[in-house]
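Participant: File run-v9.pdb below, PDB, C-alpha atoms:
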```
ATOM      1  CA  MET Q  11       0.000   0.000   0.000
ATOM      2  CA  ALA Q  12       2.787   2.398   0.945
ATOM      3  CA  GLN Q  13       4.494   1.482  -2.321
ATOM      4  CA  ALA Q  14       1.319   2.271  -4.288
ATOM      5  CA  ARG Q  15       0.971   5.639  -2.553
ATOM      6  CA  LEU Q  16       4.591   6.444  -3.320
ATOM      7  CA  ASP Q  17       4.014   5.416  -6.955
ATOM      8  CA  ALA Q  18       0.998   7.702  -7.249
ATOM      9  CA  GLY Q  19       2.986  10.576  -5.730
ATOM     10  CA  SER Q  20       5.854  10.026  -8.166
ATOM     11  CA  ALA Q  21       3.434   9.706 -11.087
ATOM     12  CA  ARG Q  22       1.902  13.033 -10.111
ATOM     13  CA  GLU Q  23       5.360  14.596  -9.987
ATOM     14  CA  ARG Q  24       6.350  13.127 -13.365
ATOM     15  CA  THR Q  25       3.124  14.499 -14.822
ATOM     16  CA  ALA Q  26       3.814  17.974 -13.424
ATOM     17  CA  LEU Q  27       7.337  17.883 -14.900
ATOM     18  CA  SER Q  28       5.817  16.818 -18.212
ATOM     19  CA  TRP Q  29       3.553  19.889 -18.146
ATOM     20  CA  THR Q  30       6.612  22.061 -17.463
ATOM     21  CA  ARG Q  31       8.474  20.533 -20.423
ATOM     22  CA  SER Q  32       5.457  21.177 -22.634
ATOM     23  CA  ALA Q  33       5.361  24.824 -21.542
ATOM     24  CA  LEU Q  34       9.093  25.205 -22.264
ATOM     25  CA  ASN Q  35       8.609  23.594 -25.670
ATOM     26  CA  ILE Q  36       5.857  26.056 -26.556
ATOM     27  CA  ALA Q  37       8.032  28.978 -25.442
ATOM     28  CA  ALA Q  38      10.986  27.694 -27.507
ATOM     29  CA  THR Q  39       8.847  27.232 -30.619
ATOM     30  CA  GLY Q  40       7.498  30.762 -30.079
ATOM     31  CA  VAL Q  41      11.046  32.150 -30.086
ATOM     32  CA  LEU Q  42      11.785  30.198 -33.275
ATOM     33  CA  ILE Q  43       8.697  31.503 -35.082
ATOM     34  CA  ALA Q  44       9.455  35.102 -34.026
ATOM     35  CA  ARG Q  45      13.096  34.779 -35.153
ATOM     36  CA  PHE Q  46      12.241  33.308 -38.543
ATOM     37  CA  GLY Q  47       9.326  35.719 -38.911
ATOM     38  CA  PHE Q  48      11.812  38.611 -38.668
ATOM     39  CA  THR Q  49      14.113  36.938 -41.203
ATOM     40  CA  ALA Q  50      11.185  36.679 -43.607
ATOM     41  CA  HIS Q  51      10.299  40.359 -42.973
ATOM     42  CA  PHE Q  52       7.028  39.064 -41.656
ATOM     43  CA  ASP Q  53       7.294  40.958 -38.397
ATOM     44  CA  ALA Q  54       3.580  41.094 -37.578
ATOM     45  CA  VAL Q  55       3.099  37.324 -37.679
ATOM     46  CA  GLY Q  56       6.360  36.788 -35.793
ATOM     47  CA  VAL Q  57       5.622  39.259 -32.996
ATOM     48  CA  ALA Q  58       1.953  38.266 -32.678
ATOM     49  CA  SER Q  59       2.629  34.542 -32.485
ATOM     50  CA  ALA Q  60       5.623  34.985 -30.178
ATOM     51  CA  GLY Q  61       3.541  37.115 -27.796
ATOM     52  CA  ALA Q  62       0.640  34.679 -27.910
ATOM     53  CA  MET Q  63       2.935  31.717 -27.341
ATOM     54  CA  ALA Q  64       4.666  33.400 -24.394
ATOM     55  CA  VAL Q  65       1.247  33.803 -22.769
ATOM     56  CA  ILE Q  66       0.227  30.229 -23.651
ATOM     57  CA  ALA Q  67       3.504  28.859 -22.288
ATOM     58  CA  LEU Q  68       2.935  30.741 -19.038
ATOM     59  CA  VAL Q  69      -0.659  29.487 -18.782
ATOM     60  CA  THR Q  70       0.455  25.900 -19.509
ATOM     61  CA  TRP Q  71       3.160  26.099 -16.862
ATOM     62  CA  ARG Q  72       0.747  27.530 -14.304
ATOM     63  CA  HIS Q  73      -1.850  24.883 -15.138
ATOM     64  CA  GLY Q  74       0.747  22.172 -14.541
ATOM     65  CA  ARG Q  75       1.680  23.719 -11.201
ATOM     66  CA  SER Q  76      -1.941  24.070 -10.076
ATOM     67  CA  LEU Q  77      -2.654  20.453 -11.070
ATOM     68  CA  TYR Q  78       0.388  19.403  -9.075
ATOM     69  CA  ARG Q  79      -0.907  21.276  -6.053
ATOM     70  CA  ASP Q  80      -4.543  20.178  -6.359
ATOM     71  CA  ARG Q  81      -3.764  16.503  -6.805
ATOM     72  CA  GLY Q  82      -2.147  16.225  -3.372
ATOM     73  CA  ILE Q  83       0.850  14.251  -2.167
ATOM     74  CA  ALA Q  84      -0.676  10.780  -2.609
ATOM     75  CA  PRO Q  85      -3.634  11.168  -4.984
ATOM     76  CA  THR Q  86      -6.351   8.493  -4.906
ATOM     77  CA  ARG Q  87      -8.181   9.792  -7.954
ATOM     78  CA  ALA Q  88      -7.362  12.042 -10.883
ATOM     79  CA  VAL Q  89      -9.797  14.176 -12.886
ATOM     80  CA  PRO Q  90      -9.249  13.758 -16.648
ATOM     81  CA  GLN Q  91      -8.097  17.141 -17.989
ATOM     82  CA  ALA Q  92     -10.200  17.078 -21.158
ATOM     83  CA  ARG Q  93     -10.580  20.838 -21.588
ATOM     84  CA  ALA Q  94      -6.943  21.710 -20.952
ATOM     85  CA  LEU Q  95      -5.819  19.064 -23.418
ATOM     86  CA  VAL Q  96      -8.275  20.271 -26.096
ATOM     87  CA  LEU Q  97      -6.922  23.811 -25.675
ATOM     88  CA  LEU Q  98      -3.331  22.556 -25.897
ATOM     89  CA  THR Q  99      -4.180  20.632 -29.082
ATOM     90  CA  ALA Q 100      -5.876  23.679 -30.618
ATOM     91  CA  THR Q 101      -2.851  25.815 -29.699
ATOM     92  CA  THR Q 102      -0.474  23.360 -31.353
ATOM     93  CA  CYS Q 103      -2.566  23.382 -34.535
ATOM     94  CA  LEU Q 104      -2.522  27.219 -34.552
ATOM     95  CA  ILE Q 105       1.253  27.158 -34.047
ATOM     96  CA  ALA Q 106       1.487  24.836 -37.069
ATOM     97  CA  ILE Q 107      -0.512  27.344 -39.148
ATOM     98  CA  ALA Q 108       1.736  30.230 -38.038
ATOM     99  CA  ALA Q 109       4.775  28.069 -38.861
ATOM    100  CA  LEU Q 110       3.376  27.341 -42.339
ATOM    101  CA  ILE Q 111       2.837  31.071 -42.998
ATOM    102  CA  VAL Q 112       6.402  31.897 -41.923
ATOM    103  CA  THR Q 113       7.832  28.954 -43.900
ATOM    104  CA  VAL Q 114       6.126  29.964 -47.131
ATOM    105  CA  ALA Q 115       7.152  33.599 -46.592
ATOM    106  CA  LEU Q 116      10.828  32.791 -45.941
TER     107      LEU Q 116
ATOM    108  CA  MET H   9      -5.949  -7.981 -32.525
ATOM    109  CA  ALA H  10      -8.173  -8.300 -29.496
ATOM    110  CA  GLN H  11      -5.602 -10.641 -27.984
ATOM    111  CA  ALA H  12      -2.863  -8.122 -28.663
ATOM    112  CA  CYS H  13      -4.850  -5.308 -27.078
ATOM    113  CA  ARG H  14      -5.517  -7.414 -24.022
ATOM    114  CA  PHE H  15      -1.849  -8.175 -23.754
ATOM    115  CA  ALA H  16      -0.958  -4.486 -24.004
ATOM    116  CA  ALA H  17      -3.488  -3.630 -21.335
ATOM    117  CA  GLY H  18      -2.198  -6.444 -19.132
ATOM    118  CA  ALA H  19       1.361  -5.268 -19.584
ATOM    119  CA  LEU H  20       0.380  -1.729 -18.626
ATOM    120  CA  ALA H  21      -1.446  -2.916 -15.534
ATOM    121  CA  SER H  22       1.167  -5.437 -14.459
ATOM    122  CA  GLY H  23       3.886  -2.820 -14.687
ATOM    123  CA  LEU H  24       2.114  -0.881 -11.986
ATOM    124  CA  ASN H  25       0.424  -3.552  -9.895
ATOM    125  CA  PRO H  26       2.524  -6.472  -8.665
ATOM    126  CA  ALA H  27      -0.632  -8.511  -7.974
ATOM    127  CA  ALA H  28      -1.676  -8.419 -11.596
ATOM    128  CA  HIS H  29       0.941 -10.151 -13.700
ATOM    129  CA  SER H  30      -1.555 -12.028 -15.854
ATOM    130  CA  PRO H  31      -2.285 -10.667 -19.340
ATOM    131  CA  ASP H  32      -5.874 -11.778 -18.690
ATOM    132  CA  LEU H  33      -6.283  -9.142 -15.993
ATOM    133  CA  TRP H  34      -8.818  -7.135 -17.968
ATOM    134  CA  ASN H  35     -10.720 -10.274 -18.922
ATOM    135  CA  GLU H  36     -10.981 -11.175 -15.284
ATOM    136  CA  ALA H  37     -11.942  -7.614 -14.525
ATOM    137  CA  SER H  38     -14.922  -7.716 -16.863
ATOM    138  CA  GLN H  39     -16.139 -11.044 -15.464
ATOM    139  CA  ASN H  40     -15.881 -10.135 -11.811
ATOM    140  CA  PRO H  41     -16.719  -6.484 -11.169
ATOM    141  CA  LEU H  42     -15.941  -6.438  -7.458
ATOM    142  CA  LYS H  43     -12.594  -8.117  -7.933
ATOM    143  CA  ALA H  44     -11.905  -5.743 -10.790
ATOM    144  CA  GLY H  45     -12.650  -2.799  -8.577
ATOM    145  CA  GLN H  46     -10.233  -4.054  -5.961
ATOM    146  CA  MET H  47      -7.540  -4.841  -8.470
ATOM    147  CA  ARG H  48      -7.765  -1.643 -10.426
ATOM    148  CA  TRP H  49      -8.071   0.480  -7.356
ATOM    149  CA  GLY H  50      -4.916  -0.304  -5.546
ATOM    150  CA  LEU H  51      -5.021   3.004  -3.724
ATOM    151  CA  GLY H  52      -8.644   3.485  -2.643
ATOM    152  CA  SER H  53     -10.221   2.198   0.523
ATOM    153  CA  GLY H  54     -12.524  -0.847   0.376
ATOM    154  CA  GLY H  55     -15.645   1.121   1.251
ATOM    155  CA  ASP H  56     -14.935   3.627  -1.469
ATOM    156  CA  VAL H  57     -14.712   0.854  -4.024
ATOM    157  CA  THR H  58     -18.076  -0.743  -3.192
ATOM    158  CA  GLU H  59     -19.780   2.588  -3.061
ATOM    159  CA  ARG H  60     -18.617   3.479  -6.534
ATOM    160  CA  ARG H  61     -19.304   0.046  -7.964
ATOM    161  CA  VAL H  62     -23.019   0.242  -7.151
ATOM    162  CA  SER H  63     -23.647   2.904  -9.769
ATOM    163  CA  ASP H  64     -21.739   0.845 -12.309
ATOM    164  CA  GLU H  65     -24.648  -1.586 -12.825
ATOM    165  CA  SER H  66     -26.532   0.809 -15.074
ATOM    166  CA  LYS H  67     -23.624   1.413 -17.443
ATOM    167  CA  PRO H  68     -24.168   0.190 -21.025
ATOM    168  CA  ALA H  69     -21.809  -2.596 -22.012
ATOM    169  CA  GLY H  70     -21.051  -2.174 -25.734
ATOM    170  CA  ARG H  71     -17.924  -0.302 -26.791
ATOM    171  CA  ASP H  72     -19.628   1.625 -29.572
ATOM    172  CA  ALA H  73     -22.693   2.436 -27.494
ATOM    173  CA  THR H  74     -20.529   3.943 -24.756
ATOM    174  CA  ARG H  75     -18.229   6.013 -26.951
ATOM    175  CA  PRO H  76     -20.401   8.793 -28.358
ATOM    176  CA  HIS H  77     -19.103  11.378 -30.800
ATOM    177  CA  THR H  78     -17.864  14.293 -28.743
ATOM    178  CA  ARG H  79     -16.203  16.349 -31.454
ATOM    179  CA  SER H  80     -18.882  19.045 -31.508
ATOM    180  CA  ARG H  81     -18.618  19.678 -27.765
ATOM    181  CA  LEU H  82     -14.859  19.746 -27.513
ATOM    182  CA  LEU H  83     -14.573  23.145 -25.866
ATOM    183  CA  SER H  84     -17.484  22.912 -23.477
ATOM    184  CA  ARG H  85     -17.302  21.898 -19.849
ATOM    185  CA  SER H  86     -19.755  19.083 -20.553
ATOM    186  CA  LEU H  87     -17.019  17.055 -22.219
ATOM    187  CA  GLU H  88     -15.028  16.983 -19.002
ATOM    188  CA  HIS H  89     -18.118  16.093 -16.972
ATOM    189  CA  GLU H  90     -19.163  13.447 -19.453
ATOM    190  CA  LEU H  91     -15.752  11.812 -19.222
ATOM    191  CA  GLU H  92     -15.830  11.991 -15.425
ATOM    192  CA  GLN H  93     -19.290  10.385 -15.333
ATOM    193  CA  THR H  94     -18.221   7.541 -17.631
ATOM    194  CA  GLY H  95     -17.535   4.239 -15.867
ATOM    195  CA  THR H  96     -15.457   4.294 -12.691
ATOM    196  CA  ASP H  97     -12.329   6.204 -11.729
ATOM    197  CA  PRO H  98      -9.272   4.195 -12.715
ATOM    198  CA  ASP H  99      -6.148   4.068 -10.588
ATOM    199  CA  PRO H 100      -4.845   7.683 -10.763
ATOM    200  CA  ARG H 101      -1.485   6.378 -11.974
ATOM    201  CA  PHE H 102      -3.164   5.249 -15.204
ATOM    202  CA  THR H 103      -4.762   8.668 -15.714
ATOM    203  CA  PHE H 104      -1.408  10.365 -15.074
ATOM    204  CA  ALA H 105       0.363   8.016 -17.480
ATOM    205  CA  ASN H 106      -2.246   8.696 -20.161
ATOM    206  CA  GLU H 107      -1.891  12.454 -19.630
ATOM    207  CA  ARG H 108       1.910  12.242 -19.871
ATOM    208  CA  THR H 109       1.633  10.216 -23.076
ATOM    209  CA  PHE H 110      -0.572  12.915 -24.569
ATOM    210  CA  LEU H 111       1.867  15.639 -23.490
ATOM    211  CA  ALA H 112       4.781  13.671 -24.958
ATOM    212  CA  TRP H 113       2.955  13.377 -28.304
ATOM    213  CA  ASN H 114       2.182  17.077 -28.157
ATOM    214  CA  ARG H 115       5.874  17.878 -27.635
ATOM    215  CA  THR H 116       6.784  15.538 -30.482
ATOM    216  CA  ALA H 117       4.350  17.436 -32.699
ATOM    217  CA  LEU H 118       5.900  20.769 -31.642
ATOM    218  CA  ALA H 119       9.371  19.361 -32.337
ATOM    219  CA  LEU H 120       8.275  18.372 -35.852
ATOM    220  CA  ILE H 121       6.891  21.877 -36.425
ATOM    221  CA  ALA H 122      10.166  23.403 -35.176
ATOM    222  CA  ALA H 123      12.129  21.008 -37.406
ATOM    223  CA  GLY H 124      10.048  22.104 -40.394
ATOM    224  CA  LEU H 125      10.734  25.766 -39.587
ATOM    225  CA  ALA H 126      14.459  25.088 -39.216
ATOM    226  CA  ALA H 127      14.510  23.166 -42.529
ATOM    227  CA  ALA H 128      12.866  26.132 -44.279
ATOM    228  CA  GLN H 129      15.401  28.514 -42.760
ATOM    229  CA  PHE H 130      18.653  26.588 -43.095
ATOM    230  CA  LEU H 131      18.358  24.308 -46.150
ATOM    231  CA  LYS H 132      19.968  25.981 -49.137
ATOM    232  CA  PHE H 133      18.865  24.442 -52.413
ATOM    233  CA  ASN H 134      19.721  26.079 -55.705
ATOM    234  CA  LEU H 135      16.067  25.864 -56.562
ATOM    235  CA  HIS H 136      14.629  27.995 -53.762
ATOM    236  CA  GLY H 137      11.213  26.317 -53.563
ATOM    237  CA  LEU H 138      12.645  22.844 -52.953
ATOM    238  CA  ARG H 139      13.047  23.435 -49.213
ATOM    239  CA  LEU H 140       9.258  23.625 -48.967
ATOM    240  CA  VAL H 141       9.117  19.956 -50.026
ATOM    241  CA  ILE H 142      10.927  19.153 -46.770
ATOM    242  CA  ALA H 143       9.497  21.827 -44.475
ATOM    243  CA  VAL H 144       5.774  21.713 -45.249
ATOM    244  CA  PRO H 145       5.270  17.926 -44.785
ATOM    245  CA  LEU H 146       7.070  18.110 -41.415
ATOM    246  CA  ILE H 147       4.817  20.912 -40.187
ATOM    247  CA  VAL H 148       1.676  19.213 -41.501
ATOM    248  CA  LEU H 149       2.714  15.917 -39.879
ATOM    249  CA  GLY H 150       3.177  17.802 -36.595
ATOM    250  CA  ALA H 151      -0.317  19.301 -36.844
ATOM    251  CA  VAL H 152      -1.891  15.921 -37.688
ATOM    252  CA  LEU H 153      -0.131  14.195 -34.779
ATOM    253  CA  ALA H 154      -1.138  16.957 -32.358
ATOM    254  CA  PHE H 155      -4.738  16.605 -33.493
ATOM    255  CA  ALA H 156      -4.778  12.804 -33.377
ATOM    256  CA  SER H 157      -3.067  12.573 -29.987
ATOM    257  CA  TYR H 158      -6.030  14.245 -28.310
ATOM    258  CA  PHE H 159      -8.468  11.683 -29.680
ATOM    259  CA  HIS H 160      -6.132   8.886 -28.693
ATOM    260  CA  TRP H 161      -5.962  10.305 -25.170
ATOM    261  CA  GLU H 162      -9.751  10.546 -24.937
ATOM    262  CA  ASP H 163     -10.197   7.049 -26.336
ATOM    263  CA  SER H 164      -7.721   5.571 -23.850
ATOM    264  CA  GLU H 165      -9.239   7.493 -20.937
ATOM    265  CA  ARG H 166     -12.712   6.232 -21.813
ATOM    266  CA  ALA H 167     -11.454   2.662 -22.264
ATOM    267  CA  MET H 168      -9.743   2.757 -18.851
ATOM    268  CA  ARG H 169     -12.851   4.110 -17.164
ATOM    269  CA  LEU H 170     -15.011   1.425 -18.766
ATOM    270  CA  GLN H 171     -12.372  -1.227 -18.023
ATOM    271  CA  GLN H 172     -12.104  -2.116 -21.685
ATOM    272  CA  PRO H 173      -8.899  -3.024 -23.515
ATOM    273  CA  LEU H 174      -6.824  -0.115 -24.773
ATOM    274  CA  ARG H 175      -6.654   0.309 -28.524
ATOM    275  CA  TYR H 176      -3.427   0.480 -30.453
ATOM    276  CA  SER H 177      -2.520   3.844 -31.919
ATOM    277  CA  TRP H 178      -1.564   4.379 -35.577
ATOM    278  CA  MET H 179       0.498   7.435 -34.615
ATOM    279  CA  PRO H 180       3.908   5.766 -34.078
ATOM    280  CA  ARG H 181       3.612   4.238 -37.537
ATOM    281  CA  ALA H 182       2.658   7.612 -39.055
ATOM    282  CA  LEU H 183       5.578   9.299 -37.282
ATOM    283  CA  THR H 184       8.107   6.693 -38.402
ATOM    284  CA  GLY H 185       6.755   6.617 -41.954
ATOM    285  CA  GLY H 186       6.594  10.407 -42.166
ATOM    286  CA  ILE H 187      10.142  10.986 -40.950
ATOM    287  CA  THR H 188      11.504   8.219 -43.203
ATOM    288  CA  VAL H 189       9.765   9.585 -46.300
ATOM    289  CA  VAL H 190      10.856  13.178 -45.577
ATOM    290  CA  ALA H 191      14.467  12.092 -44.935
ATOM    291  CA  GLY H 192      14.482  10.003 -48.128
ATOM    292  CA  CYS H 193      13.047  12.878 -50.156
ATOM    293  CA  GLY H 194      15.647  15.216 -48.635
ATOM    294  CA  ALA H 195      18.506  12.951 -49.680
ATOM    295  CA  ILE H 196      17.154  12.507 -53.226
ATOM    296  CA  LEU H 197      16.465  16.239 -53.626
ATOM    297  CA  ALA H 198      19.949  17.134 -52.420
ATOM    298  CA  VAL H 199      21.502  14.843 -55.067
ATOM    299  CA  ILE H 200      19.197  16.050 -57.868
ATOM    300  CA  ASP H 201      19.757  19.693 -56.918
ATOM    301  CA  ARG H 202      23.541  19.184 -57.125
ATOM    302  CA  LEU H 203      23.353  17.310 -60.447
ATOM    303  CA  VAL H 204      21.048  19.783 -62.190
ATOM    304  CA  HIS H 205      23.015  22.920 -61.300
TER     305      HIS H 205
END
```
Now that the file is in, can you turn its structure into structure tokens?
Facilitator:
Amino acid sequence: MAQARLDAGSARERTALSWTRSALNIAATGVLIARFGFTAHFDAVGVASAGAMAVIALVTWRHGRSLYRDRGIAPTRAVPQARALVLLTATTCLIAIAALIVTVAL
Amino acid sequence: MAQACRFAAGALASGLNPAAHSPDLWNEASQNPLKAGQMRWGLGSGGDVTERRVSDESKPAGRDATRPHTRSRLLSRSLEHELEQTGTDPDPRFTFANERTFLAWNRTALALIAAGLAAAQFLKFNLHGLRLVIAVPLIVLGAVLAFASYFHWEDSERAMRLQQPLRYSWMPRALTGGITVVAGCGAILAVIDRLVH
């Protein structure tokens, strides 16, 4: 039982770290799009998507932290994060569209 | 296929629960609800398990009947509630693992998009448009994987809550195939570009 509780605690921690990595990834891709947007003289798209992605990265990071806090040290149940994951998916698709615009403009 | 799915589900469960090393775990689970509740709920208290199992009697049994189309309600709160009301809470470790798998796919998708951007920026072909042949498929593959990973997450979450076998995903195959094709095209284009000019 103690082992299972420890497992659940570690799983919760791994999940929180995974959220942090996702946030960092979004921030890094934002920097890349802004940088290449400038190269393509497509400043508006670059600045807009970089700003949006900075905000999204921050929100993702905070969501991961709040999940980590809410789930407790040894969680016995976990609420499926359907809405957050839909938003993350939508964001990634929008990032892909911004990346396509910058790529074609380069 | 069904056998393979059962094995995958058994492997997932046995990795986390020392008492469940049989690949037939999920089979057993569907035949004996109370035992299933105890097995899948390594962390909950006994009373909690029975209490939750009572409401399980009214759940429909068929896979297709219990997996409605949710695409039109993706952004509403009802999706989250609907998922929470489906079946019984699995062991939280399974939910966490499923969430991490989704996040890992999402990062993979972002990495593909970043790789596409970098290819567009740094590849120097004599024929300027050729770099798009490498960059655009990578970005599109990233978008498709990001999109598909959500549905795979939802499907797995529902299957776990209904104590059904997990389904295999086509995404690893798409990723491998996509990267191989793009790399092959890159190599061929590089040679042709050099020969022509």
Participant: Could the residues of chain H within 7 Å of chain Q, counting only C-alpha atoms, be given as number ranges by chain, please?
Facilitator: H: 50-52, 82-83, 87-88, 92, 97, 99-101, 103-104, 108, 111, 115, 118, 121-122, 125, 128, 144, 147, 151, 154-155, 158
Participant: Taking all atoms listed in the file into account, which of Q:Ile111, Q:Ala37, Q:Leu77, Q:Val69 comes nearest Gly56 of chain Q?
Facilitator: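 Closest residue, counting all atoms listed in the file: Q:Ile111.
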Participant: Any idea what the distance is between atom CA of Asp201 of chain H and atom CA of Ala143 of chain H?
Facilitator: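 So the two atoms, atom CA of Asp201 of chain H and atom CA of Ala143 of chain H, lie 16.3 Å apart.
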Participant: Can you work out the spacing between atom CA of Ala67 of chain Q and atom CA of Gly185 of chain H in Å, to one decimal?
Facilitator: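 Taking atom CA of Ala67 of chain Q and atom CA of Gly185 of chain H, their separation equals 29.9 Å.
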Participant: Might you pull out every residue within 7 Å of Ser164 of chain H, with only C-alpha atoms counted and same-chain residues fewer than 4 positions away left off, and present them as a ChimeraX atom specification?
Facilitator: /H:160,168,174
Participant: Provide the atom CA of Gln129 of chain H to atom CA of His205 of chain H distance in Å, to one decimal place.
Facilitator: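 Atom CA of His205 of chain H lies at a distance of 20.8 Å from atom CA of Gln129 of chain H.
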Participant: With the input short on atoms, add all heavy atoms back to segment 195-202 of chain H and write it as a PDB file, in the frame of the given file.
Facilitator:
```
ATOM      1  N   ALA H 195      17.267  13.480 -49.098  1.00  0.00           N
ATOM      2  CA  ALA H 195      18.506  12.951 -49.680  1.00  0.00           C
ATOM      3  C   ALA H 195      18.428  12.991 -51.205  1.00  0.00           C
ATOM      4  O   ALA H 195      19.374  13.459 -51.877  1.00  0.00           O
ATOM      5  CB  ALA H 195      18.720  11.515 -49.195  1.00  0.00           C
ATOM      6  N   ILE H 196      17.303  12.537 -51.761  1.00  0.00           N
ATOM      7  CA  ILE H 196      17.154  12.507 -53.226  1.00  0.00           C
ATOM      8  C   ILE H 196      17.206  13.919 -53.800  1.00  0.00           C
ATOM      9  O   ILE H 196      17.901  14.189 -54.793  1.00  0.00           O
ATOM     10  CB  ILE H 196      15.827  11.801 -53.601  1.00  0.00           C
ATOM     11  CG1 ILE H 196      15.913  10.317 -53.212  1.00  0.00           C
ATOM     12  CG2 ILE H 196      15.531  11.938 -55.085  1.00  0.00           C
ATOM     13  CD1 ILE H 196      14.587   9.596 -53.275  1.00  0.00           C
ATOM     14  N   LEU H 197      16.494  14.853 -53.143  1.00  0.00           N
ATOM     15  CA  LEU H 197      16.465  16.239 -53.626  1.00  0.00           C
ATOM     16  C   LEU H 197      17.849  16.864 -53.597  1.00  0.00           C
ATOM     17  O   LEU H 197      18.229  17.615 -54.512  1.00  0.00           O
ATOM     18  CB  LEU H 197      15.504  17.073 -52.778  1.00  0.00           C
ATOM     19  CG  LEU H 197      14.012  16.859 -53.029  1.00  0.00           C
ATOM     20  CD1 LEU H 197      13.195  17.756 -52.111  1.00  0.00           C
ATOM     21  CD2 LEU H 197      13.670  17.151 -54.480  1.00  0.00           C
ATOM     22  N   ALA H 198      18.605  16.562 -52.531  1.00  0.00           N
ATOM     23  CA  ALA H 198      19.949  17.134 -52.420  1.00  0.00           C
ATOM     24  C   ALA H 198      20.811  16.672 -53.592  1.00  0.00           C
ATOM     25  O   ALA H 198      21.543  17.476 -54.200  1.00  0.00           O
ATOM     26  CB  ALA H 198      20.585  16.705 -51.091  1.00  0.00           C
ATOM     27  N   VAL H 199      20.713  15.378 -53.951  1.00  0.00           N
ATOM     28  CA  VAL H 199      21.502  14.843 -55.067  1.00  0.00           C
ATOM     29  C   VAL H 199      21.051  15.471 -56.385  1.00  0.00           C
ATOM     30  O   VAL H 199      21.867  15.958 -57.175  1.00  0.00           O
ATOM     31  CB  VAL H 199      21.362  13.299 -55.126  1.00  0.00           C
ATOM     32  CG1 VAL H 199      22.004  12.747 -56.383  1.00  0.00           C
ATOM     33  CG2 VAL H 199      21.988  12.678 -53.887  1.00  0.00           C
ATOM     34  N   ILE H 200      19.725  15.494 -56.606  1.00  0.00           N
ATOM     35  CA  ILE H 200      19.197  16.050 -57.868  1.00  0.00           C
ATOM     36  C   ILE H 200      19.591  17.519 -58.001  1.00  0.00           C
ATOM     37  O   ILE H 200      20.024  17.971 -59.056  1.00  0.00           O
ATOM     38  CB  ILE H 200      17.652  15.887 -57.915  1.00  0.00           C
ATOM     39  CG1 ILE H 200      17.299  14.407 -58.062  1.00  0.00           C
ATOM     40  CG2 ILE H 200      17.052  16.688 -59.063  1.00  0.00           C
ATOM     41  CD1 ILE H 200      15.813  14.137 -58.024  1.00  0.00           C
ATOM     42  N   ASP H 201      19.450  18.250 -56.904  1.00  0.00           N
ATOM     43  CA  ASP H 201      19.757  19.693 -56.918  1.00  0.00           C
ATOM     44  C   ASP H 201      21.218  19.931 -57.327  1.00  0.00           C
ATOM     45  O   ASP H 201      21.534  20.849 -58.090  1.00  0.00           O
ATOM     46  CB  ASP H 201      19.488  20.267 -55.526  1.00  0.00           C
ATOM     47  CG  ASP H 201      19.476  21.782 -55.523  1.00  0.00           C
ATOM     48  OD1 ASP H 201      18.691  22.359 -56.285  1.00  0.00           O
ATOM     49  OD2 ASP H 201      20.271  22.378 -54.767  1.00  0.00           O
ATOM     50  N   ARG H 202      22.118  19.051 -56.802  1.00  0.00           N
ATOM     51  CA  ARG H 202      23.541  19.184 -57.125  1.00  0.00           C
ATOM     52  C   ARG H 202      23.814  18.823 -58.586  1.00  0.00           C
ATOM     53  O   ARG H 202      24.588  19.481 -59.275  1.00  0.00           O
ATOM     54  CB  ARG H 202      24.348  18.288 -56.172  1.00  0.00           C
ATOM     55  CG  ARG H 202      25.847  18.249 -56.413  1.00  0.00           C
ATOM     56  CD  ARG H 202      26.479  19.641 -56.348  1.00  0.00           C
ATOM     57  NE  ARG H 202      26.443  20.232 -55.021  1.00  0.00           N
ATOM     58  CZ  ARG H 202      27.389  20.084 -54.117  1.00  0.00           C
ATOM     59  NH1 ARG H 202      28.453  19.359 -54.385  1.00  0.00           N
ATOM     60  NH2 ARG H 202      27.291  20.667 -52.953  1.00  0.00           N
TER      61      ARG H 202
END
```
